[in-house]
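Trainee: Mind looking over this structure? Questions follow.
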Amino acid sequence: MKILKSQIVKIKKGKNLKVVSPTNIYGAQFGNNCFVGPFTEIQKNVKIGDNTKIQSHSFICELVNIGKNCFIGHGVVFINDAFKDSKPANGKKSKWLKTKINSNVYIGSNSTILPISICSNVVIGAGSVVTKNITKPGKYAGNPAKKIK
Amino acid sequence: MKILKSQIVKIKKGKNLKVVSPTNIYGAQFGNNCFVGPFTEIQKNVKIGDNTKIQSHSFICELVNIGKNCFIGHGVVFINDAFKDSKPANGKKSKWLKTKINSNVYIGSNSTILPISICSNVVIGAGSVVTKNITKPGKYAGNPAKKIK
Amino acid sequence: MKILKSQIVKIKKGKNLKVVSPTNIYGAQFGNNCFVGPFTEIQKNVKIGDNTKIQSHSFICELVNIGKNCFIGHGVVFINDAFKDSKPANGKKSKWLKTKINSNVYIGSNSTILPISICSNVVIGAGSVVTKNITKPGKYAGNPAKKIK
């Protein structure tokens with residue numbers, strides 16, 4: 001059995017990054033004034049903009065790019081492997097898809113974000129499952145998430 | 001970079017509190033015979049009544065008050081910031097809202113609880129999103145949660 | 001106050017088990033080439049088949065049996081106590097129910113799995129709540145999960 005240990009390693013960071021451990025963060029990049037809560041995992045090449053806060057229990061995978069002034073709630077999970085051929089990519093990164101979250105996006109707790117893009121100035125209600133691109137500012141919620149305001 | 005460490009600090013507790021670490025609990029108050037599972041966060045001023053069990057991966061925020069004999073399932077997330085002005089309160093506590101869970105309330109795993117109140121003797125099905133006050137005993141489920149029994 | 005510590009204890013394992021700590025795993029059984037991500041809990045008597053991967057933040061309870069070549073996404077929660085008498089079993093294991101996941105089953109992140117069985121060759125979309133047995137291969141999603149393909 002091989003036991004690896006959660007850690008904070010090979011990150012790039014701006015000023016005032018605050019992290020509550022334990023957390024597993026490797027190869028991610030943070031702007032200024034970011035916060036990361038406990039029991040989170042952030043994978044390599046993730047980019048997170050200035051003033052963005054990642055709350056406890058969230059998982060942010062490779063190929064996710066998050067803008068400035070965003071709020072990622074507790075237990076929010078991002079996805080890069082959408083089981084395109086009805087099975088996991090199983091490490092074949094060419095099958096993974098990107099997620100782009102623009103600035104001033106507020107994602108409610110326990111939401112699930114498929115590999116899509118979300119424009120700036122969007123609110124996602126708690127417990128939502130976002131399955132499609134969001135191209136207009138506003139409030140979205142539900143499973144699947146739809147515009148509610 | 002500032003790395004804080006998850007801990008158990010400044011809590012008030014009755015008899016027989018049992019906790020599985022790691023967990024981040026600060027300034028919360030527990031009655032007798034409570035249980036808290038691993039990978040949980042419980043914030044300050046949370047009150048939890050006698051015999052109530054908080055399962056693994058749950059997040060309980062400030063302004064949540066939970067009664068006696070309750071069961072909070074795995075991965076249950078509470079919310080005090082409902083993005084009232086379509087954005088996070090960003091630390092302005094005057095914008096946060098309270099949650100009151102009365103006694104004998106059983107919340108299924110992976111549920112999300114907006115800032116509402118739930119009367120005694122209620123069952124919330126797993127994976128629910130509770131968006132409104134619940135004032136009648138019974139079973140509720142879905143996103144948003146509705147009475148099913 | 002009694003503080004227990006998450007650990008990896010009394011497990012049975014095949015070759016090449018890889019685990020990212022912290023995790024709380026006790027009395028579970030793994031086949032060959034399994035992976036378990038961080039911030040997971042796997043309870044006693046759980047059986048997990050060859051090549052199956054359990055991603056971060058998942059919770060797998062007693063009485064769950066998972067086959068070969070499965071993928072359990074991030075934040076997936078299993079349930080053995082379905083509150084049958086409208087309340088938790090409260091430790092009475094005779095009230096718990098089993099879950100059987102057959103082989104080549106891929107469960108999307110943040111899904112919730114009630115005590116049911118799922119046949120081989122099934123994909124569960126992210127954020128689903130699976131409330132009934134699945135007996136035909138295909139893709140299922142939603143709350144409650146329904147066949148979508």
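Residue numbering restarts at 1 for every chain of the structure tokens, chains are lettered A, B, ... in their displayed order, and ligands are numbered from 1 as they appear.
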Using DSSP secondary structure from the backbone, list all strand (DSSP E) positions within range 41-100 of chain B, as a compact mmCIF listing (two decimals) with C-alpha atoms, in the first residue's frame.
Mentor:
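Done, and the output landed in selection_24.txt:
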```
# COMPACT_ATOMS: atom_id res chain seq x y z
CA GLU B 41 -16.49 22.21 10.12
CA ILE B 42 -18.64 23.81 12.83
CA LYS B 47 -25.66 25.49 19.27
CA ILE B 48 -26.28 21.74 19.13
CA LYS B 53 -25.21 13.56 15.78
CA ILE B 54 -23.30 15.40 13.07
CA PHE B 59 -20.52 22.08 7.38
CA ILE B 60 -22.45 24.03 10.00
CA VAL B 64 -27.36 27.76 13.04
CA ASN B 65 -29.18 26.39 16.10
CA ILE B 66 -29.96 22.65 16.15
CA PHE B 71 -29.36 13.49 12.94
CA ILE B 72 -27.38 15.57 10.45
CA VAL B 77 -24.22 21.91 4.28
CA PHE B 78 -25.92 24.82 6.04
CA THR B 99 -31.34 28.75 10.73
CA LYS B 100 -33.35 27.01 13.45
```
Trainee: Please identify all polymer residues within 12 Å of Pro144 in chain C, counting only C-alpha atoms, omitting same-chain residues fewer than 4 positions from it, and present them as a list in words.
Mentor: Asn143 and Pro144 of chain A; Gly125, Ala126, Gly127, Ser128, Ala141, Gly142, Asn143, Pro144 and Ala145 of chain B; Ser111, Thr112, Ile113, Leu114, Ile124, Gly125, Gly127, Ser128, Val129, Val130, Thr131, Lys132, Asn133, Tyr140 and Ile148 of chain C
Trainee: Can you pull out every residue within 8 Å of range 9-25 of chain A, counting only C-alpha atoms, but drop anything in the same chain fewer than 5 positions away, and send it as a PyMOL selection string?
Mentor: (chain A and resi 30-44) or (chain B and resi 1-6) or (chain C and resi 38)
Trainee: For the selection just defined, write its residues with C-alpha atoms to a file, as an mmCIF file, in the first residue's frame.
Mentor:
```
data_model
loop_
_atom_site.group_PDB
_atom_site.id
_atom_site.type_symbol
_atom_site.label_atom_id
_atom_site.label_comp_id
_atom_site.auth_asym_id
_atom_site.auth_seq_id
_atom_site.Cartn_x
_atom_site.Cartn_y
_atom_site.Cartn_z
ATOM 1 C CA PHE A 30 -3.573 32.042 -6.978
ATOM 2 C CA GLY A 31 -3.930 35.810 -7.385
ATOM 3 C CA ASN A 32 -3.841 38.251 -4.472
ATOM 4 C CA ASN A 33 -6.028 38.012 -1.351
ATOM 5 C CA CYS A 34 -7.375 34.513 -1.963
ATOM 6 C CA PHE A 35 -8.815 32.224 0.723
ATOM 7 C CA VAL A 36 -8.996 28.415 0.750
ATOM 8 C CA GLY A 37 -10.977 26.604 3.466
ATOM 9 C CA PRO A 38 -10.222 23.216 5.037
ATOM 10 C CA PHE A 39 -10.851 19.790 3.482
ATOM 11 C CA THR A 40 -10.423 21.112 -0.046
ATOM 12 C CA GLU A 41 -8.527 19.709 -3.008
ATOM 13 C CA ILE A 42 -7.196 21.938 -5.801
ATOM 14 C CA GLN A 43 -5.344 20.229 -8.632
ATOM 15 C CA LYS A 44 -2.498 21.319 -10.844
ATOM 16 C CA MET B 1 1.013 32.689 2.743
ATOM 17 C CA LYS B 2 -0.749 32.160 6.049
ATOM 18 C CA ILE B 3 -1.633 28.557 6.873
ATOM 19 C CA LEU B 4 -4.067 28.085 9.739
ATOM 20 C CA LYS B 5 -4.691 24.622 11.089
ATOM 21 C CA SER B 6 -8.045 22.930 11.661
ATOM 22 C CA PRO C 38 -8.244 12.342 0.435
#
```
Trainee: When distances are computed from only C-alpha atoms, which of C:Thr52, C:Ser109, C:Gln29, C:Gly67 shows the smallest separation from chain B?
Mentor: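 Of C:Thr52, C:Ser109, C:Gln29, C:Gly67, the one nearest chain B, counting only C-alpha atoms, is C:Ser109.
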Trainee: State, in Å with one decimal place, the distance from CA of Lys139 in chain C to CA of Phe83 in chain C.
Mentor: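 CA of Phe83 in chain C lies 27.6 Å from CA of Lys139 in chain C.
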Trainee: Grab the CA of Asn45 in chain A to CA of Ile107 in chain C distance for me, in Å with one decimal place.
Mentor: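 Answer for the CA of Asn45 in chain A to CA of Ile107 in chain C separation: 24.8 Å.
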Trainee: Using only C-alpha atoms, which of the listed residues (B:Ile118, B:Ala82, B:Val123, B:Ile134) sits closest to Tyr106 in chain A?
Mentor: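 Closest to Tyr106 in chain A, using only C-alpha atoms: B:Ala82.
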Trainee: Taking into account only C-alpha atoms, which residue in the set A:Asn121, A:Val46, A:Val76, A:Ile101 is nearest to chain C?
Mentor: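 Answer, going by the shortest atom-to-atom distance: A:Val76.
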Trainee: Could you tell me how far CA of Asn51 in chain C sits from CA of Ser94 in chain A, in Å to one decimal place?
Mentor: 21.1 Å
